[in-house]
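Dropping data13.cif in here (mmCIF, C-alpha atoms):
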```
data_structure
loop_
_atom_site.label_atom_id
_atom_site.label_comp_id
_atom_site.auth_asym_id
_atom_site.auth_seq_id
_atom_site.Cartn_x
_atom_site.Cartn_y
_atom_site.Cartn_z
CA MET B 149 -10.44 -3.47 1.22
CA ILE B 150 -6.91 -4.87 1.28
CA ILE B 151 -4.79 -3.08 3.88
CA ILE B 152 -1.05 -2.85 3.24
CA GLY B 153 0.51 -1.73 6.52
CA GLU B 154 3.00 1.06 5.84
CA LYS B 155 4.62 1.55 9.26
CA ILE B 156 7.89 -0.38 8.78
CA ASN B 157 9.63 2.14 6.59
CA GLY B 158 13.08 3.53 7.32
CA THR B 159 12.11 6.99 6.09
CA ILE B 160 9.87 7.32 9.18
CA PRO B 161 12.16 8.87 11.82
CA LYS B 162 11.36 6.44 14.67
CA VAL B 163 11.73 3.44 12.38
CA GLY B 164 14.95 4.85 10.95
CA LYS B 165 16.30 5.17 14.49
CA ALA B 166 15.24 1.58 15.26
CA ILE B 167 17.04 0.37 12.13
CA GLU B 168 20.17 2.33 13.02
CA GLU B 169 20.19 0.86 16.53
CA ARG B 170 19.04 -2.58 15.33
CA ASP B 171 16.14 -2.40 17.77
CA GLU B 172 14.48 -5.70 16.91
CA ALA B 173 11.82 -5.33 19.62
CA TYR B 174 10.54 -2.08 18.12
CA ILE B 175 10.17 -3.56 14.63
CA ARG B 176 8.57 -6.71 16.00
CA ASP B 177 6.05 -4.67 17.98
CA LEU B 178 5.13 -2.62 14.89
CA ALA B 179 4.56 -5.78 12.88
CA ILE B 180 2.34 -7.34 15.56
CA LYS B 181 0.29 -4.20 16.12
CA GLN B 182 -0.35 -3.73 12.39
CA ALA B 183 -1.38 -7.36 11.98
CA GLU B 184 -3.72 -7.14 14.99
CA ALA B 185 -5.24 -3.94 13.59
CA GLY B 186 -6.19 -5.71 10.38
CA ALA B 187 -3.28 -5.39 7.95
CA HIS B 188 -3.41 -8.05 5.22
CA TYR B 189 0.21 -7.37 4.19
CA ILE B 190 3.12 -5.76 6.01
CA ASP B 191 5.20 -3.41 3.88
CA VAL B 192 8.94 -3.50 4.60
CA CYS B 193 11.03 -0.65 3.22
CA ALA B 194 14.62 -0.08 4.33
CA GLY B 195 14.82 3.61 3.43
CA VAL B 196 18.61 3.62 3.87
CA ALA B 197 21.65 4.23 1.69
CA PRO B 198 21.90 1.81 -1.29
CA GLU B 199 24.96 0.06 0.11
CA GLN B 200 23.02 -0.84 3.28
CA GLU B 201 19.66 -1.67 1.75
CA GLU B 202 20.07 -5.41 1.19
CA GLU B 203 21.27 -6.12 4.73
CA VAL B 204 18.55 -3.95 6.28
CA LEU B 205 15.75 -5.37 4.13
CA LEU B 206 16.71 -8.93 5.02
CA TRP B 207 16.89 -7.98 8.70
CA LEU B 208 13.42 -6.43 8.58
CA MET B 209 11.95 -9.33 6.63
CA ASP B 210 13.28 -11.88 9.11
CA ILE B 211 11.92 -10.01 12.12
CA VAL B 212 8.47 -9.45 10.64
CA GLN B 213 8.10 -13.04 9.44
CA ASP B 214 9.16 -14.35 12.84
CA ALA B 215 6.64 -12.06 14.58
CA VAL B 216 3.53 -12.54 12.41
CA ASP B 217 2.09 -14.81 9.72
CA THR B 218 0.97 -11.81 7.66
CA PRO B 219 2.64 -11.87 4.22
CA LEU B 220 5.13 -9.21 3.21
CA CYS B 221 4.98 -6.37 0.76
CA ILE B 222 8.64 -6.03 -0.28
CA ASP B 223 9.27 -2.36 -0.99
CA SER B 224 12.23 -0.87 -2.84
CA PRO B 225 12.67 1.63 -5.69
CA ASN B 226 15.42 -0.67 -7.00
CA PRO B 227 14.00 -3.75 -8.78
CA ARG B 228 17.31 -5.57 -8.54
CA MET B 229 17.25 -5.14 -4.77
CA ILE B 230 13.85 -6.84 -4.64
CA GLU B 231 15.34 -9.57 -6.83
CA LYS B 232 18.15 -10.07 -4.32
CA VAL B 233 15.96 -10.45 -1.22
CA PHE B 234 12.94 -12.10 -2.84
CA SER B 235 13.86 -15.68 -1.89
CA ARG B 236 13.89 -14.80 1.84
CA ALA B 237 10.10 -14.39 1.84
CA LYS B 238 8.35 -17.38 3.36
CA LYS B 239 5.03 -16.99 1.53
CA PRO B 240 3.65 -15.12 -1.48
CA GLY B 241 3.06 -11.43 -0.89
CA ILE B 242 3.28 -8.22 -2.90
CA VAL B 243 6.21 -6.69 -4.79
CA ASN B 244 6.29 -2.91 -4.41
CA SER B 245 6.74 -1.77 -7.11
CA VAL B 246 6.94 -1.96 -10.88
CA SER B 247 6.46 0.90 -13.36
CA ALA B 248 7.20 1.72 -16.99
CA GLU B 249 10.54 3.19 -15.90
CA GLY B 250 13.77 1.61 -17.11
CA ASP B 251 13.85 -2.19 -16.96
CA LYS B 252 11.60 -2.67 -13.93
CA MET B 253 9.08 -4.84 -15.77
CA GLU B 254 11.84 -6.95 -17.33
CA VAL B 255 13.33 -7.59 -13.88
CA LEU B 256 10.24 -8.05 -11.70
CA TYR B 257 7.74 -9.80 -13.93
CA PRO B 258 9.94 -12.87 -14.51
CA LEU B 259 10.58 -12.93 -10.75
CA ILE B 260 6.92 -13.50 -9.92
CA GLN B 261 6.04 -15.54 -13.00
CA GLY B 262 4.53 -18.89 -12.05
CA THR B 263 3.92 -17.80 -8.43
CA GLU B 264 1.00 -16.39 -6.45
CA TRP B 265 2.80 -13.10 -5.84
CA GLN B 266 1.04 -9.82 -6.59
CA VAL B 267 2.59 -6.54 -7.71
CA ILE B 268 1.95 -2.84 -7.26
CA ALA B 269 2.29 -1.00 -10.57
CA LEU B 270 2.84 2.77 -10.63
CA THR B 271 1.53 4.81 -13.56
CA CYS B 272 4.80 6.57 -14.34
CA ASP B 273 7.50 6.10 -16.97
CA ASN B 274 10.88 7.53 -17.88
CA LYS B 275 9.26 10.96 -18.28
CA GLY B 276 8.01 10.91 -14.69
CA ILE B 277 4.46 11.08 -13.37
CA PRO B 278 2.07 12.26 -16.11
CA SER B 279 -0.34 15.06 -15.28
CA ASP B 280 -3.13 13.81 -17.55
CA VAL B 281 -5.47 10.84 -17.31
CA ASP B 282 -4.91 9.52 -20.83
CA THR B 283 -1.19 8.96 -20.29
CA ARG B 284 -1.74 7.27 -16.94
CA VAL B 285 -4.29 4.92 -18.48
CA ASN B 286 -1.94 4.14 -21.36
CA ILE B 287 0.90 3.35 -18.96
CA ALA B 288 -1.43 1.09 -16.94
CA ARG B 289 -2.42 -0.69 -20.15
CA GLN B 290 1.24 -1.09 -21.12
CA MET B 291 2.13 -2.64 -17.75
CA ILE B 292 -0.88 -4.97 -17.64
CA ASP B 293 -0.37 -6.13 -21.22
CA GLU B 294 3.32 -6.73 -20.61
CA ALA B 295 2.49 -8.70 -17.45
CA ALA B 296 0.27 -11.00 -19.53
CA LYS B 297 3.37 -12.15 -21.42
CA TYR B 298 4.54 -13.65 -18.12
CA ASP B 299 1.14 -15.18 -17.30
CA ILE B 300 0.52 -12.52 -14.65
CA THR B 301 -3.22 -11.89 -14.71
CA PRO B 302 -4.79 -8.47 -13.98
CA ASP B 303 -6.21 -9.64 -10.65
CA ARG B 304 -2.63 -9.93 -9.35
CA ILE B 305 -1.83 -6.33 -10.25
CA HIS B 306 -2.51 -3.29 -8.04
CA ILE B 307 -2.47 -0.22 -10.28
CA ASP B 308 -1.48 2.95 -8.41
CA PRO B 309 -2.66 6.02 -10.38
CA LEU B 310 -0.31 8.17 -8.25
CA VAL B 311 -2.57 10.84 -6.81
CA MET B 312 -0.80 14.20 -6.72
CA ALA B 313 -0.98 16.89 -4.04
CA LEU B 314 -4.28 18.74 -4.18
CA SER B 315 -2.45 21.95 -3.31
CA ALA B 316 -0.48 21.70 -6.58
CA ASP B 317 -3.26 20.31 -8.79
CA ASN B 318 -6.84 21.11 -7.89
CA GLN B 319 -8.03 18.33 -10.24
CA SER B 320 -5.84 15.70 -8.57
CA MET B 321 -8.69 13.73 -7.03
CA ILE B 322 -10.79 13.95 -10.18
CA LYS B 323 -7.91 12.63 -12.28
CA PHE B 324 -7.34 9.78 -9.83
CA LEU B 325 -10.99 8.73 -9.96
CA GLU B 326 -11.16 9.01 -13.75
CA THR B 327 -8.01 6.90 -14.13
CA LEU B 328 -9.48 4.31 -11.73
CA LYS B 329 -12.74 4.17 -13.68
CA ARG B 330 -11.12 3.85 -17.09
CA VAL B 331 -8.56 1.22 -16.05
CA LYS B 332 -11.29 -0.89 -14.47
CA GLU B 333 -13.40 -0.59 -17.61
CA LEU B 334 -10.49 -2.04 -19.60
CA TYR B 335 -9.53 -4.67 -17.01
CA PRO B 336 -12.44 -5.39 -14.62
CA THR B 337 -10.43 -7.72 -12.35
CA VAL B 338 -7.43 -5.42 -11.88
CA LYS B 339 -6.96 -3.89 -8.43
CA ILE B 340 -6.51 -0.18 -7.77
CA THR B 341 -4.38 1.00 -4.88
CA SER B 342 -2.99 4.23 -3.45
CA GLY B 343 -1.05 5.77 -0.64
CA LEU B 344 -3.33 8.06 1.32
CA SER B 345 -1.22 11.04 2.34
CA ASN B 346 0.13 12.57 -0.89
CA ILE B 347 -3.24 14.18 -1.63
CA SER B 348 -2.97 16.48 1.41
CA PHE B 349 0.69 17.54 1.14
CA SER B 350 1.30 21.14 2.31
CA MET B 351 -2.37 21.62 3.29
CA PRO B 352 -3.86 22.35 6.71
CA LEU B 353 -6.07 19.70 8.31
CA ARG B 354 -4.30 16.94 6.42
CA ARG B 355 -6.14 14.25 8.35
CA VAL B 356 -9.50 15.57 7.15
CA ILE B 357 -8.36 15.68 3.52
CA ASN B 358 -6.93 12.15 3.76
CA GLN B 359 -10.10 10.74 5.31
CA HIS B 360 -12.36 12.22 2.66
CA PHE B 361 -10.06 11.10 -0.14
CA PHE B 362 -10.14 7.59 1.30
CA CYS B 363 -13.94 7.57 1.53
CA LEU B 364 -14.42 8.79 -2.05
CA ALA B 365 -11.81 6.38 -3.41
CA ILE B 366 -13.44 3.40 -1.69
CA TYR B 367 -16.83 4.42 -3.10
CA ALA B 368 -15.30 4.69 -6.59
CA GLY B 369 -13.87 1.17 -6.37
CA MET B 370 -10.36 1.34 -4.91
CA ASP B 371 -9.40 -2.17 -3.78
CA SER B 372 -6.35 -1.72 -1.58
CA ALA B 373 -4.57 1.00 0.35
CA ILE B 374 -1.01 1.52 1.53
CA MET B 375 -1.87 2.96 4.91
CA ASP B 376 -1.25 3.06 8.64
CA PRO B 377 -3.67 0.53 10.20
CA LEU B 378 -2.82 1.99 13.61
CA ASN B 379 -4.36 5.32 12.57
CA ARG B 380 -7.71 5.10 14.30
CA HIS B 381 -9.26 7.87 12.22
CA MET B 382 -8.37 6.25 8.91
CA MET B 383 -9.52 2.83 10.09
CA ALA B 384 -12.80 4.35 11.29
CA THR B 385 -13.24 5.99 7.88
CA LEU B 386 -12.61 2.67 6.13
CA LEU B 387 -14.99 0.66 8.30
CA ALA B 388 -17.72 3.30 8.34
CA THR B 389 -17.57 3.66 4.54
CA GLN B 390 -17.78 -0.08 4.02
CA ALA B 391 -20.76 -0.28 6.37
CA LEU B 392 -22.52 2.59 4.59
CA LEU B 393 -21.93 0.90 1.22
CA GLY B 394 -23.58 -2.31 2.44
CA ARG B 395 -20.32 -4.24 2.49
CA ASP B 396 -20.41 -5.01 6.23
CA ARG B 397 -23.31 -7.34 7.06
CA TYR B 398 -25.13 -6.05 10.14
CA CYS B 399 -22.14 -3.68 10.66
CA ARG B 400 -20.30 -6.50 12.42
CA ASN B 401 -16.81 -5.45 11.34
CA PHE B 402 -17.42 -1.87 12.47
CA SER B 403 -18.85 -2.99 15.83
CA ASN B 404 -16.10 -5.56 16.44
CA ALA B 405 -13.39 -3.00 15.67
CA TYR B 406 -14.97 -0.63 18.19
CA ARG B 407 -15.14 -3.34 20.85
CA LYS B 408 -11.49 -4.23 20.27
CA GLY B 409 -10.43 -0.61 20.54
CA ILE B 410 -9.21 -0.39 16.93
CA ILE B 411 -11.52 2.60 16.32
CA GLY B 412 -13.11 5.13 18.63
CA PRO B 413 -11.67 6.02 22.06
CA LYS B 414 -8.93 3.69 23.23
CA LEU B 415 -10.04 1.01 25.68
CA GLU B 416 -8.16 2.58 28.58
CA GLU B 417 -9.86 5.92 27.88
CA ARG B 418 -13.29 4.30 27.92
CA LYS B 419 -12.57 2.69 31.29
CA LYS B 420 -11.74 6.09 32.79
CA LYS B 421 -15.21 7.27 31.85
#
```
Show me, as C-alpha cells, the structure contained in the file I just sent.
Amino acid sequence: MIIIGEKINGTIPKVGKAIEERDEAYIRDLAIKQAEAGAHYIDVCAGVAPEQEEEVLLWLMDIVQDAVDTPLCIDSPNPRMIEKVFSRAKKPGIVNSVSAEGDKMEVLYPLIQGTEWQVIALTCDNKGIPSDVDTRVNIARQMIDEAAKYDITPDRIHIDPLVMALSADNQSMIKFLETLKRVKELYPTVKITSGLSNISFSMPLRRVINQHFFCLAIYAGMDSAIMDPLNRHMMATLLATQALLGRDRYCRNFSNAYRKGIIGPKLEERKKK
C-alpha cells in the first residue's frame, strides 16, 4: 500500500495557522513525523487564497524537501498552479490532481510527459461527480486513454473513484468497489486511490466507518491512500489487513510498527505500565 501523507494541508486549522505565521518548525516536524511513520509521499497543499497559493506552495515544498527525502505529492485544484511550482520539486513524485474537468489533462499531462512522475486522476468532469458507476468508469477510461497520447502508462496513474458520504448514498461503498473492479479489469496495472474520510461525513463513530472502509478497499485491491500516517488506528488497520491477506511475511511489518510505537499504545504509555 502506497501511503500519501495528507497532514500538510492549509485547510487543516493548525497547519493553516502555521502557514499564516510562517512557522517553519511546525511544517518541518509534520514532514519528518509522516516520513518516519511510513509515508511514501508527502502531500503539500496550500489551502489559501489564490493570490497567495504560489508563494505558500513553494515555501511548503522547500521546507519539506529540506527536512526529508520523501518525494512530494503536489496538491492544487488549479492545474496552472501546479505547472508554476512543478520545477521546484527535487525528485519525481505525484501530481494531485487531474480530472476530466476543463483543460486539466491538457495542462498536466504534457507537464509529466517523459518523466517518472505519477498522477492522481479524479473520476469527475464538467458535470461534477457522477452518482453512477458507468459514468465513473467511462471518465477513468477517458483519462487513461488521453494519458497514453503523452506516453503516460496506466501504472503511473492513481484513479480516485471519489467515494461519497455513506450518509447521503447508502450504496457509496458498493459503487466505489464496483468502479475499482471494473477499472482494473480494463487496465490491470492502473492504481486505485482514495481519501479515507469522505465516506463517514456527518456520521457518528467516523473512525470506525473509516477503518472498515479502508480494510474493505484494501481487500478489493486499492493500491494507495491519501491518509494521515500519524493516525495510529488507521495505520493499525492497514498493517493488520495486509498481514491477514498474507502480504506481510511472518507479520514483520506489523510487529516492527508495534515495536516502534507507530501502532498500539504509545511507547511512553507502555513504559508507565
9 Å contact set for B:His360, all atoms listed in the file, chain neighbours under 5 positions out, as an mmCIF file with C-alpha atoms, in the coordinates of the input:
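Heads up, here's the output in out36.cif:
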```cif
data_model
loop_
_atom_site.group_PDB
_atom_site.id
_atom_site.type_symbol
_atom_site.label_atom_id
_atom_site.label_comp_id
_atom_site.auth_asym_id
_atom_site.auth_seq_id
_atom_site.Cartn_x
_atom_site.Cartn_y
_atom_site.Cartn_z
ATOM 1 C CA ARG B 355 -6.140 14.250 8.350
ATOM 2 C CA ALA B 365 -11.810 6.380 -3.410
ATOM 3 C CA THR B 385 -13.240 5.990 7.880
#
```
Open item on the list: For the PyMOL selection byres ((chain B and resi 165-178) around 12), applied here, can you spell out every residue it catches as a PyMOL selection string?
Closed with: chain B and resi 153-164+179-185+187+190-197+200-201+203-216+376-378
- [ ] Given the file shown, enumerate the residues that the PyMOL selection byres ((chain B and resi 324) around 8) captures and present them as a VMD selection string.
- [x] chain B and resid 281 309 to 311 320 to 323 325 to 328
Next, write the just-selected residues to a file, as a CSV table (one decimal), in the frame of the given file, keeping C-alpha atoms as the atom set.
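Here's the written file part08.csv:
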```csv
chain,number,residue,atom,x,y,z
B,281,VAL,CA,-5.5,10.8,-17.3
B,309,PRO,CA,-2.7,6.0,-10.4
B,310,LEU,CA,-0.3,8.2,-8.2
B,311,VAL,CA,-2.6,10.8,-6.8
B,320,SER,CA,-5.8,15.7,-8.6
B,321,MET,CA,-8.7,13.7,-7.0
B,322,ILE,CA,-10.8,14.0,-10.2
B,323,LYS,CA,-7.9,12.6,-12.3
B,325,LEU,CA,-11.0,8.7,-10.0
B,326,GLU,CA,-11.2,9.0,-13.8
B,327,THR,CA,-8.0,6.9,-14.1
B,328,LEU,CA,-9.5,4.3,-11.7
```
Open item on the list: Can you spell out as an MDAnalysis selection string the set of residues that the PyMOL selection byres ((chain B and resi 406-409) around 12) selects in the structure I just provided?
Closed with: chainID B and resid 184:186 378:381 383:384 387:388 399:405 410:419
Open item on the list: Measuring between only C-alpha atoms, which one of B:Leu364, B:Ile277, B:Leu386, B:Cys272 shows the shortest distance to B:Gly250?
Closed with: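 Of B:Leu364, B:Ile277, B:Leu386, B:Cys272, the one nearest B:Gly250, counting only C-alpha atoms, is B:Cys272.
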Residue neighbourhood B:Cys221, 10 Å, only C-alpha atoms, exclusion window fewer than 3 positions, as a PDB file with C-alpha atoms, in the coordinates of the input:
```
ATOM      1  CA  ILE B 152      -1.050  -2.850   3.240  1.00  0.00           C
ATOM      2  CA  GLY B 153       0.510  -1.730   6.520  1.00  0.00           C
ATOM      3  CA  GLU B 154       3.000   1.060   5.840  1.00  0.00           C
ATOM      4  CA  HIS B 188      -3.410  -8.050   5.220  1.00  0.00           C
ATOM      5  CA  TYR B 189       0.210  -7.370   4.190  1.00  0.00           C
ATOM      6  CA  ILE B 190       3.120  -5.760   6.010  1.00  0.00           C
ATOM      7  CA  ASP B 191       5.200  -3.410   3.880  1.00  0.00           C
ATOM      8  CA  VAL B 192       8.940  -3.500   4.600  1.00  0.00           C
ATOM      9  CA  CYS B 193      11.030  -0.650   3.220  1.00  0.00           C
ATOM     10  CA  MET B 209      11.950  -9.330   6.630  1.00  0.00           C
ATOM     11  CA  THR B 218       0.970 -11.810   7.660  1.00  0.00           C
ATOM     12  CA  SER B 224      12.230  -0.870  -2.840  1.00  0.00           C
ATOM     13  CA  ALA B 237      10.100 -14.390   1.840  1.00  0.00           C
ATOM     14  CA  PRO B 240       3.650 -15.120  -1.480  1.00  0.00           C
ATOM     15  CA  GLY B 241       3.060 -11.430  -0.890  1.00  0.00           C
ATOM     16  CA  ILE B 242       3.280  -8.220  -2.900  1.00  0.00           C
ATOM     17  CA  VAL B 243       6.210  -6.690  -4.790  1.00  0.00           C
ATOM     18  CA  ASN B 244       6.290  -2.910  -4.410  1.00  0.00           C
ATOM     19  CA  SER B 245       6.740  -1.770  -7.110  1.00  0.00           C
ATOM     20  CA  TRP B 265       2.800 -13.100  -5.840  1.00  0.00           C
ATOM     21  CA  GLN B 266       1.040  -9.820  -6.590  1.00  0.00           C
ATOM     22  CA  VAL B 267       2.590  -6.540  -7.710  1.00  0.00           C
ATOM     23  CA  ILE B 268       1.950  -2.840  -7.260  1.00  0.00           C
ATOM     24  CA  ILE B 374      -1.010   1.520   1.530  1.00  0.00           C
TER      25      ILE B 374
END
```
Open item on the list: When you count only C-alpha atoms, which of these residues is closest to B:Phe361: B:Pro258, B:Pro336, B:Ala313, B:Arg395?
Closed with: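 Checking each of B:Pro258, B:Pro336, B:Ala313, B:Arg395 against B:Phe361, counting only C-alpha atoms, the winner is B:Ala313.
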Task: atom CA of B:Pro219 to atom CA of B:Asp299, distance in Å rounded to a single decimal - done: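 Between atom CA of B:Pro219 and atom CA of B:Asp299 the gap works out to 21.8 Å.
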Could stretch 282-306 of chain B be completed with N, CA and C atoms and written as a PDB file, in the coordinates of the input, please?
```pdb
ATOM      1  N   ASP B 282      -5.155  10.380 -19.677  1.00  0.00           N
ATOM      2  CA  ASP B 282      -4.910   9.520 -20.830  1.00  0.00           C
ATOM      3  C   ASP B 282      -3.560   8.809 -20.742  1.00  0.00           C
ATOM      4  N   THR B 283      -2.527   9.557 -20.375  1.00  0.00           N
ATOM      5  CA  THR B 283      -1.190   8.960 -20.290  1.00  0.00           C
ATOM      6  C   THR B 283      -1.121   7.934 -19.174  1.00  0.00           C
ATOM      7  N   ARG B 284      -1.742   8.228 -18.055  1.00  0.00           N
ATOM      8  CA  ARG B 284      -1.740   7.270 -16.940  1.00  0.00           C
ATOM      9  C   ARG B 284      -2.457   5.974 -17.348  1.00  0.00           C
ATOM     10  N   VAL B 285      -3.562   6.108 -18.036  1.00  0.00           N
ATOM     11  CA  VAL B 285      -4.290   4.920 -18.480  1.00  0.00           C
ATOM     12  C   VAL B 285      -3.453   4.128 -19.481  1.00  0.00           C
ATOM     13  N   ASN B 286      -2.780   4.813 -20.379  1.00  0.00           N
ATOM     14  CA  ASN B 286      -1.940   4.140 -21.360  1.00  0.00           C
ATOM     15  C   ASN B 286      -0.768   3.411 -20.707  1.00  0.00           C
ATOM     16  N   ILE B 287      -0.191   4.017 -19.680  1.00  0.00           N
ATOM     17  CA  ILE B 287       0.900   3.350 -18.960  1.00  0.00           C
ATOM     18  C   ILE B 287       0.365   2.120 -18.230  1.00  0.00           C
ATOM     19  N   ALA B 288      -0.813   2.247 -17.610  1.00  0.00           N
ATOM     20  CA  ALA B 288      -1.430   1.090 -16.940  1.00  0.00           C
ATOM     21  C   ALA B 288      -1.667  -0.030 -17.943  1.00  0.00           C
ATOM     22  N   ARG B 289      -2.176   0.312 -19.114  1.00  0.00           N
ATOM     23  CA  ARG B 289      -2.420  -0.690 -20.150  1.00  0.00           C
ATOM     24  C   ARG B 289      -1.109  -1.351 -20.571  1.00  0.00           C
ATOM     25  N   GLN B 290      -0.067  -0.559 -20.731  1.00  0.00           N
ATOM     26  CA  GLN B 290       1.240  -1.090 -21.120  1.00  0.00           C
ATOM     27  C   GLN B 290       1.751  -2.097 -20.092  1.00  0.00           C
ATOM     28  N   MET B 291       1.624  -1.758 -18.800  1.00  0.00           N
ATOM     29  CA  MET B 291       2.130  -2.640 -17.750  1.00  0.00           C
ATOM     30  C   MET B 291       1.305  -3.915 -17.630  1.00  0.00           C
ATOM     31  N   ILE B 292      -0.012  -3.793 -17.756  1.00  0.00           N
ATOM     32  CA  ILE B 292      -0.880  -4.970 -17.640  1.00  0.00           C
ATOM     33  C   ILE B 292      -0.685  -5.894 -18.835  1.00  0.00           C
ATOM     34  N   ASP B 293      -0.575  -5.315 -20.024  1.00  0.00           N
ATOM     35  CA  ASP B 293      -0.370  -6.130 -21.220  1.00  0.00           C
ATOM     36  C   ASP B 293       0.991  -6.817 -21.210  1.00  0.00           C
ATOM     37  N   GLU B 294       1.989  -6.117 -20.701  1.00  0.00           N
ATOM     38  CA  GLU B 294       3.320  -6.730 -20.610  1.00  0.00           C
ATOM     39  C   GLU B 294       3.311  -7.859 -19.580  1.00  0.00           C
ATOM     40  N   ALA B 295       2.587  -7.669 -18.485  1.00  0.00           N
ATOM     41  CA  ALA B 295       2.490  -8.700 -17.450  1.00  0.00           C
ATOM     42  C   ALA B 295       1.875  -9.976 -18.012  1.00  0.00           C
ATOM     43  N   ALA B 296       0.939  -9.842 -18.939  1.00  0.00           N
ATOM     44  CA  ALA B 296       0.270 -11.000 -19.530  1.00  0.00           C
ATOM     45  C   ALA B 296       1.255 -11.913 -20.248  1.00  0.00           C
ATOM     46  N   LYS B 297       2.348 -11.349 -20.746  1.00  0.00           N
ATOM     47  CA  LYS B 297       3.370 -12.150 -21.420  1.00  0.00           C
ATOM     48  C   LYS B 297       4.053 -13.112 -20.454  1.00  0.00           C
ATOM     49  N   TYR B 298       3.945 -12.805 -19.164  1.00  0.00           N
ATOM     50  CA  TYR B 298       4.540 -13.650 -18.120  1.00  0.00           C
ATOM     51  C   TYR B 298       3.454 -14.397 -17.341  1.00  0.00           C
ATOM     52  N   ASP B 299       2.276 -14.493 -17.919  1.00  0.00           N
ATOM     53  CA  ASP B 299       1.140 -15.180 -17.300  1.00  0.00           C
ATOM     54  C   ASP B 299       0.736 -14.557 -15.967  1.00  0.00           C
ATOM     55  N   ILE B 300       0.945 -13.259 -15.840  1.00  0.00           N
ATOM     56  CA  ILE B 300       0.520 -12.520 -14.650  1.00  0.00           C
ATOM     57  C   ILE B 300      -0.812 -11.860 -14.989  1.00  0.00           C
ATOM     58  N   THR B 301      -1.874 -12.345 -14.384  1.00  0.00           N
ATOM     59  CA  THR B 301      -3.220 -11.890 -14.710  1.00  0.00           C
ATOM     60  C   THR B 301      -3.536 -10.555 -14.016  1.00  0.00           C
ATOM     61  N   PRO B 302      -4.480  -9.776 -14.559  1.00  0.00           N
ATOM     62  CA  PRO B 302      -4.790  -8.470 -13.980  1.00  0.00           C
ATOM     63  C   PRO B 302      -5.169  -8.499 -12.509  1.00  0.00           C
ATOM     64  N   ASP B 303      -5.799  -9.587 -12.053  1.00  0.00           N
ATOM     65  CA  ASP B 303      -6.210  -9.640 -10.650  1.00  0.00           C
ATOM     66  C   ASP B 303      -5.037  -9.707  -9.686  1.00  0.00           C
ATOM     67  N   ARG B 304      -3.828  -9.917 -10.201  1.00  0.00           N
ATOM     68  CA  ARG B 304      -2.630  -9.930  -9.350  1.00  0.00           C
ATOM     69  C   ARG B 304      -1.905  -8.586  -9.372  1.00  0.00           C
ATOM     70  N   ILE B 305      -2.479  -7.624 -10.080  1.00  0.00           N
ATOM     71  CA  ILE B 305      -1.830  -6.330 -10.250  1.00  0.00           C
ATOM     72  C   ILE B 305      -2.625  -5.243  -9.531  1.00  0.00           C
ATOM     73  N   HIS B 306      -1.920  -4.439  -8.722  1.00  0.00           N
ATOM     74  CA  HIS B 306      -2.510  -3.290  -8.040  1.00  0.00           C
ATOM     75  C   HIS B 306      -2.013  -2.031  -8.758  1.00  0.00           C
TER      76      HIS B 306
END
```
